file input_24.csv (CSV, C-alpha atoms)
chain,number,residue,atom,x,y,z
A,1,MET,CA,240.0,64.4,-24.2
A,2,THR,CA,240.3,66.3,-27.5
A,3,VAL,CA,242.3,64.4,-30.0
A,4,SER,CA,244.6,66.6,-32.2
A,5,PRO,CA,245.2,66.0,-35.9
A,6,PRO,CA,248.0,63.4,-36.4
A,7,LEU,CA,251.6,64.5,-36.5
A,8,THR,CA,254.2,62.5,-38.5
A,9,THR,CA,257.8,61.8,-37.8
A,10,ASP,CA,260.4,59.1,-38.2
A,11,VAL,CA,260.6,58.0,-34.6
A,12,VAL,CA,258.7,58.6,-31.3
A,13,ILE,CA,261.0,58.6,-28.3
A,14,ILE,CA,259.2,57.9,-25.1
A,15,GLY,CA,261.3,59.5,-22.3
A,16,ALA,CA,263.3,62.7,-22.2
A,17,GLY,CA,265.9,61.6,-19.7
A,18,PRO,CA,269.7,61.6,-20.6
A,19,VAL,CA,269.4,58.5,-22.7
A,20,GLY,CA,266.3,59.8,-24.5
A,21,LEU,CA,268.0,63.1,-25.2
A,22,PHE,CA,271.1,61.3,-26.6
A,23,ALA,CA,268.8,59.2,-28.8
A,24,ILE,CA,267.6,62.4,-30.4
A,25,PHE,CA,271.2,63.3,-31.4
A,26,GLN,CA,272.0,59.8,-32.6
A,27,CYS,CA,268.8,59.7,-34.8
A,28,GLY,CA,269.6,63.3,-36.0
A,29,MET,CA,273.1,62.2,-37.1
A,30,LEU,CA,271.3,59.7,-39.4
A,31,GLY,CA,268.9,62.3,-40.7
A,32,LEU,CA,266.0,61.0,-38.7
A,33,ARG,CA,263.5,63.4,-37.1
A,34,ALA,CA,262.1,62.7,-33.6
A,35,HIS,CA,259.1,63.6,-31.5
A,36,VAL,CA,259.7,63.0,-27.7
A,37,VAL,CA,257.0,62.4,-25.1
A,38,ASP,CA,257.7,62.6,-21.4
A,39,THR,CA,255.4,62.8,-18.3
A,40,LEU,CA,257.5,65.5,-16.7
A,41,ASP,CA,257.2,69.2,-17.6
A,42,THR,CA,260.8,69.6,-18.5
A,43,PRO,CA,263.4,67.4,-20.2
A,44,GLY,CA,266.1,65.6,-18.2
A,45,GLY,CA,264.2,62.9,-16.3
A,46,GLN,CA,265.4,62.1,-12.8
A,47,CYS,CA,268.7,64.0,-13.4
A,48,ALA,CA,266.7,67.2,-13.7
A,49,ALA,CA,263.7,66.5,-11.5
A,50,LEU,CA,265.4,64.9,-8.5
A,51,TYR,CA,269.1,65.7,-8.3
A,52,PRO,CA,270.3,68.4,-10.7
A,53,GLU,CA,273.3,69.1,-8.4
A,54,LYS,CA,274.3,65.5,-7.9
A,55,PRO,CA,277.8,64.8,-9.2
A,56,ILE,CA,278.2,62.1,-11.8
A,57,TYR,CA,281.6,60.5,-12.2
A,58,ASP,CA,281.4,57.9,-15.0
A,59,ILE,CA,280.8,60.0,-18.1
A,60,PRO,CA,283.7,59.6,-20.5
A,61,SER,CA,286.1,62.7,-20.5
A,62,ARG,CA,284.2,64.3,-17.6
A,63,PRO,CA,285.9,63.4,-14.3
A,64,GLU,CA,282.9,64.9,-12.6
A,65,VAL,CA,279.8,66.6,-14.0
A,66,LEU,CA,276.6,67.7,-12.2
A,67,ALA,CA,273.5,66.0,-13.4
A,68,GLY,CA,271.9,69.3,-14.4
A,69,ASP,CA,274.9,70.3,-16.4
A,70,LEU,CA,274.9,66.9,-18.2
A,71,ILE,CA,271.3,67.4,-19.2
A,72,ALA,CA,272.1,71.0,-20.4
A,73,GLY,CA,274.9,69.6,-22.6
A,74,LEU,CA,272.7,66.8,-24.0
A,75,GLU,CA,269.9,69.3,-24.8
A,76,ALA,CA,272.4,71.5,-26.7
A,77,GLN,CA,273.7,68.5,-28.5
A,78,ALA,CA,270.2,67.5,-29.7
A,79,ARG,CA,269.0,71.0,-30.5
A,80,PRO,CA,270.4,71.3,-34.1
A,81,PHE,CA,268.1,68.4,-35.1
A,82,ASP,CA,264.9,70.3,-34.1
A,83,PRO,CA,263.3,67.6,-31.9
A,84,VAL,CA,259.6,68.2,-31.0
A,85,PHE,CA,258.8,67.7,-27.3
A,86,HIS,CA,255.4,66.8,-25.9
A,87,LEU,CA,256.0,67.3,-22.2
A,88,GLY,CA,253.6,66.7,-19.3
A,89,GLN,CA,252.0,63.9,-21.3
A,90,THR,CA,251.9,60.1,-21.0
A,91,VAL,CA,251.7,57.8,-23.9
A,92,GLU,CA,248.3,56.0,-23.5
A,93,THR,CA,248.1,53.8,-26.6
A,94,LEU,CA,250.5,52.3,-29.2
A,95,GLU,CA,248.9,50.9,-32.3
A,96,GLY,CA,250.4,49.5,-35.6
A,97,THR,CA,253.2,47.4,-36.8
A,98,ALA,CA,256.7,47.7,-38.1
A,99,ASP,CA,255.4,47.1,-41.6
A,100,GLU,CA,252.6,49.6,-41.6
A,101,GLY,CA,254.0,52.2,-39.1
A,102,PHE,CA,252.9,53.1,-35.6
A,103,THR,CA,250.4,55.5,-34.1
A,104,VAL,CA,251.0,56.8,-30.6
A,105,THR,CA,248.3,58.7,-28.7
A,106,THR,CA,249.1,60.6,-25.5
A,107,SER,CA,247.1,61.6,-22.4
A,108,ALA,CA,246.8,65.1,-23.9
A,109,GLY,CA,245.2,63.8,-27.1
A,110,THR,CA,248.4,64.2,-29.2
A,111,VAL,CA,248.5,61.7,-32.0
A,112,ILE,CA,251.9,60.9,-33.6
A,113,CYS,CA,252.5,58.6,-36.6
A,114,ALA,CA,256.0,57.2,-36.9
A,115,SER,CA,258.0,54.4,-38.5
A,116,ALA,CA,259.4,53.2,-35.2
A,117,VAL,CA,259.1,53.8,-31.4
A,118,MET,CA,262.0,54.0,-29.0
A,119,ILE,CA,261.3,53.6,-25.3
A,120,ALA,CA,263.8,55.4,-23.0
A,121,ALA,CA,261.5,55.7,-20.1
A,122,GLY,CA,263.9,54.6,-17.3
A,123,GLY,CA,261.7,52.6,-15.0
A,124,GLY,CA,258.5,54.3,-16.1
A,125,SER,CA,256.9,57.1,-14.0
A,126,PHE,CA,258.4,57.3,-10.6
A,127,GLY,CA,257.9,58.5,-7.0
A,128,PRO,CA,259.9,58.0,-3.8
A,129,ASN,CA,259.6,55.0,-1.5
A,130,ARG,CA,258.5,56.6,1.7
A,131,PRO,CA,259.6,55.3,5.1
A,132,PRO,CA,256.7,54.0,7.3
A,133,LEU,CA,257.0,56.6,10.1
A,134,ASP,CA,254.1,58.1,12.1
A,135,GLY,CA,253.5,61.8,11.4
A,136,LEU,CA,255.7,61.7,8.3
A,137,SER,CA,253.4,63.9,6.1
A,138,ALA,CA,253.7,66.9,8.5
A,139,TYR,CA,257.4,67.1,7.8
A,140,GLU,CA,257.4,66.3,4.1
A,141,GLY,CA,258.5,69.0,1.7
A,142,HIS,CA,260.6,71.0,4.2
A,143,ALA,CA,262.1,68.8,6.9
A,144,VAL,CA,261.8,65.4,5.1
A,145,VAL,CA,262.8,65.6,1.5
A,146,TYR,CA,263.5,62.9,-1.1
A,147,SER,CA,265.9,64.7,-3.4
A,148,VAL,CA,268.5,67.4,-3.5
A,149,GLN,CA,267.7,70.2,-5.8
A,150,ARG,CA,270.4,72.6,-4.4
A,151,LYS,CA,273.3,71.7,-2.1
A,152,GLU,CA,273.1,75.2,-0.6
A,153,ASP,CA,269.7,74.3,0.9
A,154,PHE,CA,271.6,72.0,3.2
A,155,ARG,CA,274.3,74.4,4.3
A,156,ASP,CA,274.9,74.4,8.0
A,157,ARG,CA,272.0,72.0,8.6
A,158,ARG,CA,272.1,68.7,10.5
A,159,VAL,CA,271.3,66.1,7.9
A,160,VAL,CA,270.3,62.5,8.4
A,161,ILE,CA,270.5,60.3,5.3
A,162,ALA,CA,268.7,57.0,5.3
A,163,GLY,CA,269.6,54.3,2.8
A,164,GLY,CA,272.5,52.1,1.6
A,165,GLY,CA,272.5,52.5,-2.2
A,166,ASP,CA,274.4,54.8,-4.6
A,167,SER,CA,272.2,57.9,-4.0
A,168,ALA,CA,272.7,57.7,-0.2
A,169,VAL,CA,276.4,57.3,-0.4
A,170,ASP,CA,276.9,59.9,-3.1
A,171,TRP,CA,274.9,62.5,-1.3
A,172,ALA,CA,276.6,61.8,2.0
A,173,VAL,CA,279.9,62.5,0.4
A,174,ALA,CA,278.6,65.6,-1.5
A,175,LEU,CA,276.9,67.1,1.5
A,176,ALA,CA,279.7,66.6,3.9
A,177,ASP,CA,281.4,69.8,2.9
A,178,VAL,CA,278.3,72.0,3.3
A,179,ALA,CA,276.2,70.5,6.1
A,180,ALA,CA,276.8,71.1,9.8
A,181,SER,CA,276.6,67.3,10.2
A,182,VAL,CA,275.8,64.3,8.2
A,183,ALA,CA,274.7,60.9,9.6
A,184,VAL,CA,274.0,57.9,7.4
A,185,VAL,CA,271.5,55.3,8.7
A,186,HIS,CA,271.6,51.9,7.2
A,187,ARG,CA,270.3,48.5,8.3
A,188,ARG,CA,273.7,46.8,7.8
A,189,PRO,CA,277.4,47.9,7.7
A,190,LYS,CA,277.7,47.0,4.0
A,191,PHE,CA,276.6,49.5,1.3
A,192,ARG,CA,275.2,48.7,-2.1
A,193,ALA,CA,277.2,51.5,-3.9
A,194,ALA,CA,280.2,52.0,-6.1
A,195,PRO,CA,283.3,50.8,-4.1
A,196,ASP,CA,285.2,54.1,-4.7
A,197,MET,CA,282.4,56.2,-3.3
A,198,VAL,CA,282.0,53.9,-0.3
A,199,ALA,CA,285.7,54.3,0.3
A,200,ARG,CA,285.4,58.1,0.2
A,201,MET,CA,282.5,58.0,2.6
A,202,THR,CA,284.4,55.7,5.0
A,203,THR,CA,287.4,58.1,4.9
A,204,LEU,CA,285.1,61.0,5.8
A,205,ALA,CA,283.6,58.9,8.6
A,206,GLU,CA,287.1,58.2,10.0
A,207,SER,CA,287.8,61.9,10.0
A,208,GLY,CA,284.6,62.6,11.9
A,209,ARG,CA,282.8,64.4,9.0
A,210,ILE,CA,280.2,61.7,8.6
A,211,ASP,CA,278.5,59.5,11.3
A,212,LEU,CA,277.9,56.0,10.0
A,213,VAL,CA,274.9,54.8,12.0
A,214,THR,CA,274.8,51.0,11.3
A,215,PRO,CA,273.1,48.6,11.8
A,216,TYR,CA,270.1,50.8,12.5
A,217,GLN,CA,266.8,51.6,10.9
A,218,LEU,CA,264.5,54.6,11.1
A,219,ALA,CA,262.1,54.4,14.0
A,220,GLY,CA,260.5,57.9,14.4
A,221,LEU,CA,260.6,61.6,14.0
A,222,ASP,CA,261.1,64.1,16.9
A,223,GLY,CA,259.8,67.6,16.4
A,224,ASP,CA,256.7,69.8,16.7
A,225,GLY,CA,255.0,68.6,13.6
A,226,GLY,CA,256.7,71.3,11.5
A,227,ALA,CA,260.3,71.8,12.5
A,228,LEU,CA,262.3,68.6,12.9
A,229,SER,CA,264.8,68.4,15.8
A,230,GLY,CA,265.8,64.7,15.8
A,231,VAL,CA,265.4,61.3,14.1
A,232,LEU,CA,264.9,58.2,16.2
A,233,VAL,CA,266.7,55.0,15.0
A,234,ARG,CA,266.6,51.5,16.3
A,235,HIS,CA,269.5,49.0,16.4
A,236,THR,CA,269.0,45.5,15.2
A,237,ASP,CA,269.4,44.4,18.9
A,238,GLY,CA,266.3,46.5,19.7
A,239,SER,CA,268.1,49.4,21.4
A,240,SER,CA,267.3,53.0,20.3
A,241,ARG,CA,269.2,56.2,19.6
A,242,ARG,CA,268.3,59.8,18.8
A,243,LEU,CA,270.2,61.7,16.1
A,244,GLU,CA,270.1,65.5,16.1
A,245,ALA,CA,268.6,66.6,12.8
A,246,ASP,CA,267.1,69.4,10.9
A,247,ILE,CA,266.5,67.4,7.7
A,248,LEU,CA,265.8,63.8,7.0
A,249,LEU,CA,266.8,62.6,3.5
A,250,PRO,CA,265.3,59.1,3.0
A,251,LEU,CA,266.8,57.5,-0.1
A,252,PHE,CA,265.2,54.1,-0.5
A,253,GLY,CA,264.9,54.2,-4.2
A,254,LEU,CA,262.0,55.1,-6.4
A,255,ARG,CA,258.6,53.4,-6.9
A,256,MET,CA,258.3,52.7,-10.6
A,257,ASP,CA,255.1,52.3,-12.6
A,258,LEU,CA,255.3,51.2,-16.2
A,259,GLY,CA,251.7,52.3,-16.8
A,260,PRO,CA,250.2,51.6,-20.2
A,261,LEU,CA,253.6,50.2,-21.5
A,262,ALA,CA,252.9,47.0,-19.6
A,263,SER,CA,250.0,46.2,-22.0
A,264,TRP,CA,251.9,46.7,-25.3
A,265,GLY,CA,253.2,43.2,-25.8
A,266,LEU,CA,256.8,44.3,-25.3
A,267,GLY,CA,258.0,41.2,-23.3
A,268,ILE,CA,258.1,42.7,-19.8
A,269,ASP,CA,259.5,40.7,-17.0
A,270,LYS,CA,259.8,42.0,-13.4
A,271,GLY,CA,259.3,45.6,-14.5
A,272,HIS,CA,261.9,45.5,-17.3
A,273,VAL,CA,261.6,45.1,-21.0
A,274,ALA,CA,263.6,42.2,-22.5
A,275,VAL,CA,265.4,43.2,-25.7
A,276,ASN,CA,267.7,41.6,-28.2
A,277,PRO,CA,271.1,43.0,-27.2
A,278,ALA,CA,272.2,43.1,-30.8
A,279,THR,CA,269.4,45.4,-31.9
A,280,LEU,CA,267.6,46.6,-28.7
A,281,GLU,CA,264.3,45.5,-30.3
A,282,THR,CA,261.6,44.3,-27.9
A,283,ALA,CA,259.2,41.4,-28.5
A,284,ARG,CA,257.2,43.8,-30.6
A,285,PRO,CA,259.0,44.4,-33.9
A,286,GLY,CA,259.7,48.0,-34.6
A,287,VAL,CA,259.6,49.0,-30.9
A,288,PHE,CA,263.0,49.4,-29.3
A,289,ALA,CA,263.9,50.0,-25.6
A,290,ILE,CA,267.1,51.6,-24.3
A,291,GLY,CA,268.4,52.7,-20.9
A,292,ASP,CA,267.4,51.4,-17.5
A,293,ILE,CA,264.1,50.0,-18.6
A,294,THR,CA,265.8,47.3,-20.7
A,295,HIS,CA,267.1,43.9,-19.7
A,296,TYR,CA,269.4,41.5,-21.4
A,297,PRO,CA,272.3,39.2,-20.2
A,298,GLY,CA,275.1,41.3,-18.9
A,299,LYS,CA,273.0,44.5,-18.8
A,300,LEU,CA,274.6,47.3,-16.7
A,301,LYS,CA,272.4,50.2,-15.5
A,302,LEU,CA,274.8,52.9,-16.4
A,303,ILE,CA,274.1,56.1,-18.3
A,304,LEU,CA,277.0,55.4,-20.6
A,305,CYS,CA,275.6,52.0,-21.5
A,306,GLY,CA,272.3,53.7,-22.3
A,307,PHE,CA,274.1,56.1,-24.6
A,308,ALA,CA,275.6,53.1,-26.5
A,309,GLU,CA,272.2,51.5,-26.7
A,310,ALA,CA,270.7,54.7,-28.2
A,311,ALA,CA,273.3,54.6,-31.0
A,312,MET,CA,272.6,51.0,-31.8
A,313,ALA,CA,268.8,51.5,-31.8
A,314,ALA,CA,269.0,54.6,-34.0
A,315,HIS,CA,270.7,52.5,-36.7
A,316,GLN,CA,267.9,49.9,-36.5
A,317,VAL,CA,265.3,52.7,-36.7
A,318,PHE,CA,267.0,54.0,-39.9
A,319,ALA,CA,266.3,50.7,-41.7
A,320,LEU,CA,262.5,51.1,-40.9
A,321,ALA,CA,262.3,54.8,-41.6
A,322,ARG,CA,264.3,54.6,-44.9
A,323,PRO,CA,263.6,51.2,-46.3
A,324,GLY,CA,266.0,50.3,-49.2
A,325,GLU,CA,268.2,53.3,-48.5
A,326,ALA,CA,271.9,52.6,-47.9
A,327,LEU,CA,273.3,54.0,-44.7
A,328,HIS,CA,276.8,55.4,-45.3
A,329,PHE,CA,277.7,56.2,-41.7
A,330,GLU,CA,280.0,54.3,-39.4
A,331,HIS,CA,282.0,56.8,-37.4
A,332,SER,CA,281.3,59.7,-35.1
A,333,THR,CA,284.3,61.9,-36.2
A,334,SER,CA,282.3,63.7,-38.9
A,335,LYS,CA,280.8,66.9,-37.8
A,336,PRO,CA,277.0,66.7,-37.7
A,337,PRO,CA,275.1,69.0,-40.0
A,338,ALA,CA,273.8,72.3,-38.5
A,339,VAL,CA,270.3,71.2,-39.4
A,340,PRO,CA,269.0,67.8,-40.3
A,341,ARG,CA,268.7,66.9,-44.0
A,342,PRO,CA,265.1,66.8,-45.2
A,343,CYS,CA,263.4,63.5,-44.5
A,344,ASN,CA,262.2,61.7,-47.6
A,345,SER,CA,260.1,59.1,-45.8
A,346,ALA,CA,256.4,59.1,-46.4
A,347,MET,CA,256.0,58.8,-42.6
A,348,ALA,CA,258.0,62.0,-41.9
A,349,SER,CA,257.3,65.7,-42.2

call {"tool": "encode", "arguments": {"input": "input_24.csv", "output": "structure tokens"}}
result
Amino acid sequence: MTVSPPLTTDVVIIGAGPVGLFAIFQCGMLGLRAHVVDTLDTPGGQCAALYPEKPIYDIPSRPEVLAGDLIAGLEAQARPFDPVFHLGQTVETLEGTADEGFTVTTSAGTVICASAVMIAAGGGSFGPNRPPLDGLSAYEGHAVVYSVQRKEDFRDRRVVIAGGGDSAVDWAVALADVAASVAVVHRRPKFRAAPDMVARMTTLAESGRIDLVTPYQLAGLDGDGGALSGVLVRHTDGSSRRLEADILLPLFGLRMDLGPLASWGLGIDKGHVAVNPATLETARPGVFAIGDITHYPGKLKLILCGFAEAAMAAHQVFALARPGEALHFEHSTSKPPAVPRPCNSAMAS
């Protein structure tokens, strides 16, 4: 690995998902420059990579917004502050202290010096939890998929969704108006999703537009090894049933891997980073964590909570990047500058 000459900035943001993108804006409003590192090739995190057409319902002032459109708006909001993205890279090492500054090195040999580090990495790098079905790999990518990139790809198809969380329920509702049929397989009648969305799914089931297949679990795939014709499911009493299907959409959550972050002394417990809820600072001073990766009493894994955490952490970063400088900023009703003011920190360029 070739190591590049060091770059300097005020803050390194690890993760370019929605919370990381909003952190760029919040830092920019304070005149702080940001470099952003993400393992994916494009900004947006899971919203862009896994479900750009998934509707999101809990963004203030937006009764409904597609995940991809939300990312586009956040990118536009951050753009005036000229963030520098280092995409397709993983942060390998983090050295330094809050007093001396930090040095971050990525898998591509990029070296970045900063006054502070803000981790907005969601749950780390991610991949789907695959169901343990014989012959699964022969169908993956075309008949068995783990995300919805375009709703139109499911038009007039017989879709079986497996899972009982928010993603399964949300996509059952969203695909009911385009798919030929939608069946939802879950091991119990109760779903772990927003009550309003469960109610909408139940209404669609009562009208015959969704088949709720509970309490069942996936048991097998029926097809020629390429085209899928059916999904076999097993009742908790041992009986079996075959569901006509062209596509299986298993939504059992994502397999998360914190990678090198786990060795940085951040105070990780059960895959999450414990933070001070008043500052979002981790056990390592000068390193902050925001979004789904964080944990504190009362924490809610909502995008809007991550947005608030980004604002709080940005103000803490200002104190490190501009020691001794007063911050005369309290409200968001002032129009942000078209370009960020010049940074006067020795750590920034």

call {"tool": "closest_residue", "arguments": {"input": "input_24.csv", "among": "A:Val65, A:Leu243, A:Val144, A:Ala205", "to": "Glu53 of chain A", "atoms": "all atoms listed in the file"}}
result
A:Val65

call {"tool": "closest_residue", "arguments": {"input": "input_24.csv", "among": "A:Phe81, A:Phe288, A:Tyr57, A:Phe252", "to": "Phe25 of chain A", "atoms": "all atoms listed in the file"}}
result
A:Phe81

call {"tool": "atom_distance", "arguments": {"input": "input_24.csv", "atom1": "atom CA of Arg200 of chain A", "atom2": "atom CA of Val173 of chain A"}}
result
7.0 Å

call {"tool": "atom_distance", "arguments": {"input": "input_24.csv", "atom1": "atom CA of Ala120 of chain A", "atom2": "atom CA of Leu320 of chain A"}}
result
18.5 Å

call {"tool": "residues_around", "arguments": {"input": "input_24.csv", "residues": "segment 315-319 of chain A", "least_positions_apart": "2", "cutoff": "8 Å", "atoms": "only C-alpha atoms", "output": "JSON, numbers by chain"}}
result
{"A": [11, 27, 30, 32, 115, 116, 279, 286, 311, 312, 313, 321, 322, 323, 324, 325, 327]}

call {"tool": "closest_residue", "arguments": {"input": "input_24.csv", "among": "A:Gly122, A:Gly17, A:Gly96, A:Gly208", "to": "Thr294 of chain A", "atoms": "only C-alpha atoms"}}
result
A:Gly122

call {"tool": "atom_distance", "arguments": {"input": "input_24.csv", "atom1": "atom CA of His295 of chain A", "atom2": "atom CA of Gly68 of chain A"}}
result
26.4 Å

call {"tool": "residues_around", "arguments": {"input": "input_24.csv", "residues": "Cys47 of chain A", "least_positions_apart": "2", "cutoff": "10 Å", "atoms": "all atoms listed in the file", "output": "list in words"}}
result
Gly17, Pro18, Pro43, Gly44, Gly45, Ala49, Leu50, Tyr51, Pro52, Glu53, Lys54, Ile56, Leu66, Ala67, Gly68, Asp69, Leu70, Ile71 and Gln149 of chain A

call {"tool": "residues_near_point", "arguments": {"input": "input_24.csv", "point": "(282.2, 52.8, -4.7)", "cutoff": "12 Å", "atoms": "only C-alpha atoms", "output": "PyMOL selection string"}}
result
chain A and resi 57-58+164-170+173+190-202

call {"tool": "residues_around", "arguments": {"input": "input_24.csv", "residues": "segment 181-189 of chain A", "least_positions_apart": "2", "cutoff": "7 Å", "atoms": "only C-alpha atoms", "output": "ChimeraX atom specification"}}
result
/A:157-164,172,176,179,191,209-217

call {"tool": "closest_residue", "arguments": {"input": "input_24.csv", "among": "A:Gly141, A:Ala219, A:Thr110, A:Ser263", "to": "Thr236 of chain A", "atoms": "only C-alpha atoms"}}
result
A:Ala219

call {"tool": "closest_residue", "arguments": {"input": "input_24.csv", "among": "A:Cys305, A:Leu261, A:Val145, A:Val273", "to": "Leu249 of chain A", "atoms": "all atoms listed in the file"}}
result
A:Val145

call {"tool": "residues_around", "arguments": {"input": "input_24.csv", "residues": "Ile112 of chain A", "least_positions_apart": "4", "cutoff": "7 Å", "atoms": "all atoms listed in the file", "output": "PyMOL selection string"}}
result
chain A and resi 6-8+103-105

call {"tool": "residues_near_point", "arguments": {"input": "input_24.csv", "point": "(256.7, 66.5, 16.4)", "cutoff": "12 Å", "atoms": "all atoms listed in the file", "output": "list in words"}}
result
Leu133, Asp134, Gly135, Leu136, Ser137, Ala138, Tyr139, Ala143, Gly220, Leu221, Asp222, Gly223, Asp224, Gly225, Gly226, Ala227, Leu228, Ser229, Gly230, Val231 and Leu232 of chain A

call {"tool": "residues_around", "arguments": {"input": "input_24.csv", "residues": "Ala308 of chain A", "least_positions_apart": "4", "cutoff": "10 Å", "atoms": "only C-alpha atoms", "output": "JSON, numbers by chain"}}
result
{"A": [19, 22, 23, 26, 290, 291, 303, 304, 312, 313]}

call {"tool": "closest_residue", "arguments": {"input": "input_24.csv", "among": "A:Pro60, A:Asp99, A:Pro83, A:Asp177", "to": "Asp156 of chain A", "atoms": "all atoms listed in the file"}}
result
A:Asp177
